[in-house]
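Here the structure comes first, spelled out in structure tokens, and everything after it is commentary.
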Amino acid sequence: KDYVEARRLSGAAAAKGHIEAQTLLGHMHLHGEGGEKDLPEARKMHGLAALQGHAGAQVALGTMHFIGSGGPIDFTESRRWYGLAAAQGQADAQANLGQMHVYGQGGPINYGAARRLLGLSVAQGQADAQVMLGKMHFNGEGGPTDVVEARRLLELAAAQDHAGVRAALEVVNKASDERRAKETSDADAMMALLLAEDTEEKKKGAAKSKKNKKKGGAKSTSPPSATPPTSGGGGASA
């Protein structure tokens, strides 16, 4: 590879407004390929390509504004450029913008928007989005707590060898085990309660049946009815 020649040719094309050349030249200035690093020039080149709608350049420019590379930190600008790239379906932009919504960087916290953006990025297999969305499900941010879904997402990121996800996965696994243990304990307690209630009902039924049986078999002790004797045909003579 001849980075020096590539940088020269990219510079010539970029000067004519070629969007891919501007993006490539910005990348080369950013990483010092074919010459010295020049972060302000990298920001400038990415900016020119970003204005023409290049999603990759928009992401790069958003990141430079976010970390203060080649100029001051500006979360508002970072959020704007990530937003433009995210609208084009760029997975990294969706992940980065989602995280900015979670932490309220460059604008208010918006968990609902964060979940939506991270979900779009996750659908494209973006590992950072998998981790962040997994944490949101675990913490119940922007929706109900869902330890099972959190675990699934973190395992997807772990399968991509995402740095730092192992510790988060251990926390989720522990919480998942505790939840299962509690559910088992609650189920056992409920079963014991139902059995106790059933036993009590059976006892009451048996007692009632015994009482009715005893009542039906007892002799009557009430006195016979006193029926007055009927009068004879003749009356007493005077």
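Convention: chains lettered A, B, ... in structure tokens order; per-chain residue numbering from 1; ligands numbered from 1 as shown.
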Selection near Gln130 in chain A, 7 Å with only C-alpha atoms, sequence-local residues under 2 positions removed, as a ChimeraX atom specification: /A:122,126-128,132-134,153-154,156-157
Can you write just those residues out, N, CA and C atoms, as a PDB file, in the first residue's frame?
ATOM      1  N   VAL A 122     -29.247  -2.851  17.171  1.00  0.00           N
ATOM      2  CA  VAL A 122     -29.136  -4.265  17.558  1.00  0.00           C
ATOM      3  C   VAL A 122     -29.559  -5.167  16.404  1.00  0.00           C
ATOM      4  N   GLN A 126     -25.009  -4.633  16.013  1.00  0.00           N
ATOM      5  CA  GLN A 126     -24.032  -3.732  16.613  1.00  0.00           C
ATOM      6  C   GLN A 126     -23.841  -4.081  18.094  1.00  0.00           C
ATOM      7  N   ALA A 127     -22.620  -4.444  18.468  1.00  0.00           N
ATOM      8  CA  ALA A 127     -22.351  -4.966  19.811  1.00  0.00           C
ATOM      9  C   ALA A 127     -22.540  -3.922  20.910  1.00  0.00           C
ATOM     10  N   ASP A 128     -22.107  -2.678  20.675  1.00  0.00           N
ATOM     11  CA  ASP A 128     -22.285  -1.636  21.692  1.00  0.00           C
ATOM     12  C   ASP A 128     -23.768  -1.432  21.997  1.00  0.00           C
ATOM     13  N   MET A 132     -25.771  -1.807  25.618  1.00  0.00           N
ATOM     14  CA  MET A 132     -26.530  -0.701  26.196  1.00  0.00           C
ATOM     15  C   MET A 132     -28.010  -1.051  26.335  1.00  0.00           C
ATOM     16  N   LEU A 133     -28.577  -1.676  25.316  1.00  0.00           N
ATOM     17  CA  LEU A 133     -29.993  -2.041  25.392  1.00  0.00           C
ATOM     18  C   LEU A 133     -30.209  -3.131  26.442  1.00  0.00           C
ATOM     19  N   GLY A 134     -29.244  -4.030  26.563  1.00  0.00           N
ATOM     20  CA  GLY A 134     -29.324  -5.046  27.604  1.00  0.00           C
ATOM     21  C   GLY A 134     -29.358  -4.425  28.990  1.00  0.00           C
ATOM     22  N   LEU A 153     -29.393 -10.197  25.214  1.00  0.00           N
ATOM     23  CA  LEU A 153     -28.652  -9.166  24.496  1.00  0.00           C
ATOM     24  C   LEU A 153     -27.177  -9.158  24.886  1.00  0.00           C
ATOM     25  N   LEU A 154     -26.906  -9.308  26.169  1.00  0.00           N
ATOM     26  CA  LEU A 154     -25.514  -9.316  26.620  1.00  0.00           C
ATOM     27  C   LEU A 154     -24.772 -10.544  26.094  1.00  0.00           C
ATOM     28  N   LEU A 156     -25.364 -11.929  23.239  1.00  0.00           N
ATOM     29  CA  LEU A 156     -25.071 -11.628  21.833  1.00  0.00           C
ATOM     30  C   LEU A 156     -23.780 -10.813  21.721  1.00  0.00           C
ATOM     31  N   ALA A 157     -23.631  -9.838  22.618  1.00  0.00           N
ATOM     32  CA  ALA A 157     -22.418  -9.016  22.606  1.00  0.00           C
ATOM     33  C   ALA A 157     -21.202  -9.835  23.015  1.00  0.00           C
TER      34      ALA A 157
END
Residue nearest Leu30 in chain A among A:Ala42, A:Ala150, A:Val59, A:Ala207 (counting only C-alpha atoms):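 Residue with the minimum atom-to-atom distance to Leu30 in chain A: A:Ala42.
Using only C-alpha atoms, the residues found no farther than 9 Å from range 163-169 of chain A, other than those of its own chain fewer than 2 positions away, are Val131, Lys135, Ala150, Arg151, Leu154, Glu155, Ala157, Ala158, Asp161, Val171, Val172, Asn173 and Lys174 of chain A.
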Computed interatomic separation between CA of Gly34 in chain A and CA of Ala57 in chain A (Å): 19.2 Å
Members of range 1-213 of chain A assigned alpha helix (DSSP H) by DSSP, as a ChimeraX atom specification: /A:3-15,19-31,39-51,55-67,75-86,91-103,111-122,127-139,147-159,165-213
Spatial neighbours of Ser78 in chain A, max dist 8 Å, only C-alpha atoms, sep filter under 4 positions, as a list in words: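 Here the qualifying residues turn out to be Leu61, Gly62, Thr63, Met64, His65, Phe66, Asp74, Tyr82 and Gly106 of chain A.
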Residues within 10 Å of Gln58 in chain A, only C-alpha atoms, excluding chain neighbours under 6 positions, as a ChimeraX atom specification: /A:23,46-52,64,78,80-86,90,93
Can those selected residues be exported to a file as a PDB file, in the first residue's frame so that it contains N, CA, C and O atoms?
ATOM      1  N   THR A  23     -14.087  11.876   2.293  1.00  0.00           N
ATOM      2  CA  THR A  23     -14.211  10.977   3.442  1.00  0.00           C
ATOM      3  C   THR A  23     -12.912  10.220   3.677  1.00  0.00           C
ATOM      4  O   THR A  23     -12.437  10.104   4.820  1.00  0.00           O
ATOM      5  N   HIS A  46     -14.096  15.601   6.764  1.00  0.00           N
ATOM      6  CA  HIS A  46     -15.314  14.877   7.134  1.00  0.00           C
ATOM      7  C   HIS A  46     -16.526  15.809   7.097  1.00  0.00           C
ATOM      8  O   HIS A  46     -17.630  15.391   6.712  1.00  0.00           O
ATOM      9  N   GLY A  47     -16.301  17.053   7.467  1.00  0.00           N
ATOM     10  CA  GLY A  47     -17.399  18.016   7.438  1.00  0.00           C
ATOM     11  C   GLY A  47     -17.906  18.266   6.028  1.00  0.00           C
ATOM     12  O   GLY A  47     -19.122  18.352   5.800  1.00  0.00           O
ATOM     13  N   LEU A  48     -16.990  18.368   5.071  1.00  0.00           N
ATOM     14  CA  LEU A  48     -17.390  18.589   3.678  1.00  0.00           C
ATOM     15  C   LEU A  48     -18.195  17.402   3.147  1.00  0.00           C
ATOM     16  O   LEU A  48     -19.209  17.582   2.465  1.00  0.00           O
ATOM     17  N   ALA A  49     -17.731  16.196   3.458  1.00  0.00           N
ATOM     18  CA  ALA A  49     -18.447  15.001   3.001  1.00  0.00           C
ATOM     19  C   ALA A  49     -19.774  14.847   3.737  1.00  0.00           C
ATOM     20  O   ALA A  49     -20.784  14.437   3.147  1.00  0.00           O
ATOM     21  N   ALA A  50     -19.771  15.191   5.020  1.00  0.00           N
ATOM     22  CA  ALA A  50     -21.000  15.078   5.816  1.00  0.00           C
ATOM     23  C   ALA A  50     -22.082  16.004   5.278  1.00  0.00           C
ATOM     24  O   ALA A  50     -23.266  15.647   5.243  1.00  0.00           O
ATOM     25  N   LEU A  51     -21.688  17.182   4.852  1.00  0.00           N
ATOM     26  CA  LEU A  51     -22.654  18.127   4.295  1.00  0.00           C
ATOM     27  C   LEU A  51     -23.283  17.606   3.006  1.00  0.00           C
ATOM     28  O   LEU A  51     -24.393  17.997   2.645  1.00  0.00           O
ATOM     29  N   GLN A  52     -22.579  16.716   2.334  1.00  0.00           N
ATOM     30  CA  GLN A  52     -23.120  16.109   1.112  1.00  0.00           C
ATOM     31  C   GLN A  52     -23.924  14.839   1.415  1.00  0.00           C
ATOM     32  O   GLN A  52     -24.390  14.175   0.503  1.00  0.00           O
ATOM     33  N   MET A  64     -15.899  13.089  16.375  1.00  0.00           N
ATOM     34  CA  MET A  64     -14.877  14.113  16.608  1.00  0.00           C
ATOM     35  C   MET A  64     -15.432  15.239  17.481  1.00  0.00           C
ATOM     36  O   MET A  64     -14.735  15.764  18.356  1.00  0.00           O
ATOM     37  N   SER A  78     -22.523  16.892  17.926  1.00  0.00           N
ATOM     38  CA  SER A  78     -22.340  15.447  17.827  1.00  0.00           C
ATOM     39  C   SER A  78     -23.685  14.752  17.660  1.00  0.00           C
ATOM     40  O   SER A  78     -23.861  13.889  16.790  1.00  0.00           O
ATOM     41  N   ARG A  80     -26.404  16.022  16.541  1.00  0.00           N
ATOM     42  CA  ARG A  80     -27.007  16.376  15.251  1.00  0.00           C
ATOM     43  C   ARG A  80     -26.458  15.503  14.126  1.00  0.00           C
ATOM     44  O   ARG A  80     -27.220  14.963  13.313  1.00  0.00           O
ATOM     45  N   TRP A  81     -25.142  15.327  14.088  1.00  0.00           N
ATOM     46  CA  TRP A  81     -24.543  14.542  13.010  1.00  0.00           C
ATOM     47  C   TRP A  81     -24.868  13.054  13.148  1.00  0.00           C
ATOM     48  O   TRP A  81     -25.129  12.375  12.150  1.00  0.00           O
ATOM     49  N   TYR A  82     -24.868  12.572  14.379  1.00  0.00           N
ATOM     50  CA  TYR A  82     -25.285  11.179  14.586  1.00  0.00           C
ATOM     51  C   TYR A  82     -26.733  10.984  14.136  1.00  0.00           C
ATOM     52  O   TYR A  82     -27.087   9.952  13.564  1.00  0.00           O
ATOM     53  N   GLY A  83     -27.551  11.983  14.400  1.00  0.00           N
ATOM     54  CA  GLY A  83     -28.957  11.889  14.022  1.00  0.00           C
ATOM     55  C   GLY A  83     -29.143  11.785  12.517  1.00  0.00           C
ATOM     56  O   GLY A  83     -29.973  11.001  12.032  1.00  0.00           O
ATOM     57  N   LEU A  84     -28.364  12.558  11.773  1.00  0.00           N
ATOM     58  CA  LEU A  84     -28.464  12.518  10.312  1.00  0.00           C
ATOM     59  C   LEU A  84     -28.020  11.160   9.770  1.00  0.00           C
ATOM     60  O   LEU A  84     -28.637  10.612   8.848  1.00  0.00           O
ATOM     61  N   ALA A  85     -26.959  10.617  10.348  1.00  0.00           N
ATOM     62  CA  ALA A  85     -26.477   9.306   9.902  1.00  0.00           C
ATOM     63  C   ALA A  85     -27.430   8.196  10.333  1.00  0.00           C
ATOM     64  O   ALA A  85     -27.676   7.241   9.583  1.00  0.00           O
ATOM     65  N   ALA A  86     -27.977   8.328  11.544  1.00  0.00           N
ATOM     66  CA  ALA A  86     -28.917   7.318  12.045  1.00  0.00           C
ATOM     67  C   ALA A  86     -30.157   7.250  11.166  1.00  0.00           C
ATOM     68  O   ALA A  86     -30.719   6.170  10.939  1.00  0.00           O
ATOM     69  N   GLN A  90     -27.515   4.044   9.588  1.00  0.00           N
ATOM     70  CA  GLN A  90     -26.145   3.722   9.965  1.00  0.00           C
ATOM     71  C   GLN A  90     -26.131   3.176  11.398  1.00  0.00           C
ATOM     72  O   GLN A  90     -26.512   3.861  12.344  1.00  0.00           O
ATOM     73  N   ALA A  93     -24.120   5.006  14.208  1.00  0.00           N
ATOM     74  CA  ALA A  93     -24.769   6.270  14.557  1.00  0.00           C
ATOM     75  C   ALA A  93     -25.984   6.021  15.437  1.00  0.00           C
ATOM     76  O   ALA A  93     -26.223   6.745  16.415  1.00  0.00           O
TER      77      ALA A  93
END
Selection near Val147 in chain A, 7 Å with only C-alpha atoms, sequence-local residues under 6 positions removed, as a PDB file with N, CA, C and O atoms, in the first residue's frame:
ATOM      1  N   HIS A 137     -32.783  -2.866  29.663  1.00  0.00           N
ATOM      2  CA  HIS A 137     -33.780  -3.870  30.039  1.00  0.00           C
ATOM      3  C   HIS A 137     -33.563  -4.326  31.483  1.00  0.00           C
ATOM      4  O   HIS A 137     -34.524  -4.549  32.225  1.00  0.00           O
ATOM      5  N   PHE A 138     -32.322  -4.451  31.878  1.00  0.00           N
ATOM      6  CA  PHE A 138     -32.012  -4.895  33.240  1.00  0.00           C
ATOM      7  C   PHE A 138     -32.427  -3.849  34.272  1.00  0.00           C
ATOM      8  O   PHE A 138     -32.949  -4.181  35.343  1.00  0.00           O
ATOM      9  N   VAL A 172     -26.098  -9.872  35.619  1.00  0.00           N
ATOM     10  CA  VAL A 172     -27.418 -10.265  35.125  1.00  0.00           C
ATOM     11  C   VAL A 172     -27.699 -11.731  35.438  1.00  0.00           C
ATOM     12  O   VAL A 172     -28.816 -12.089  35.834  1.00  0.00           O
ATOM     13  N   SER A 176     -30.693 -13.158  37.606  1.00  0.00           N
ATOM     14  CA  SER A 176     -31.600 -14.139  37.012  1.00  0.00           C
ATOM     15  C   SER A 176     -31.744 -15.356  37.914  1.00  0.00           C
ATOM     16  O   SER A 176     -32.851 -15.874  38.112  1.00  0.00           O
TER      17      SER A 176
END
Residues near Met100 in chain A, cut-off 9 Å, only C-alpha atoms, skip fewer than 3 positions along chain, as a list in words: Phe75, Arg79, Ala95, Asn96, Leu97, Tyr103, Gly104, Gln105, Gly106, Gly107, Pro108, Ile109, Asn110 and Ala114 of chain A
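Taking CA of Met28 in chain A as the reference point, CA of Leu120 in chain A is found at 29.6 Å.
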For CA of Lys37 in chain A and CA of Gly53 in chain A, the interatomic separation in Å (one decimal):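 CA of Gly53 in chain A lies at a distance of 24.5 Å from CA of Lys37 in chain A.
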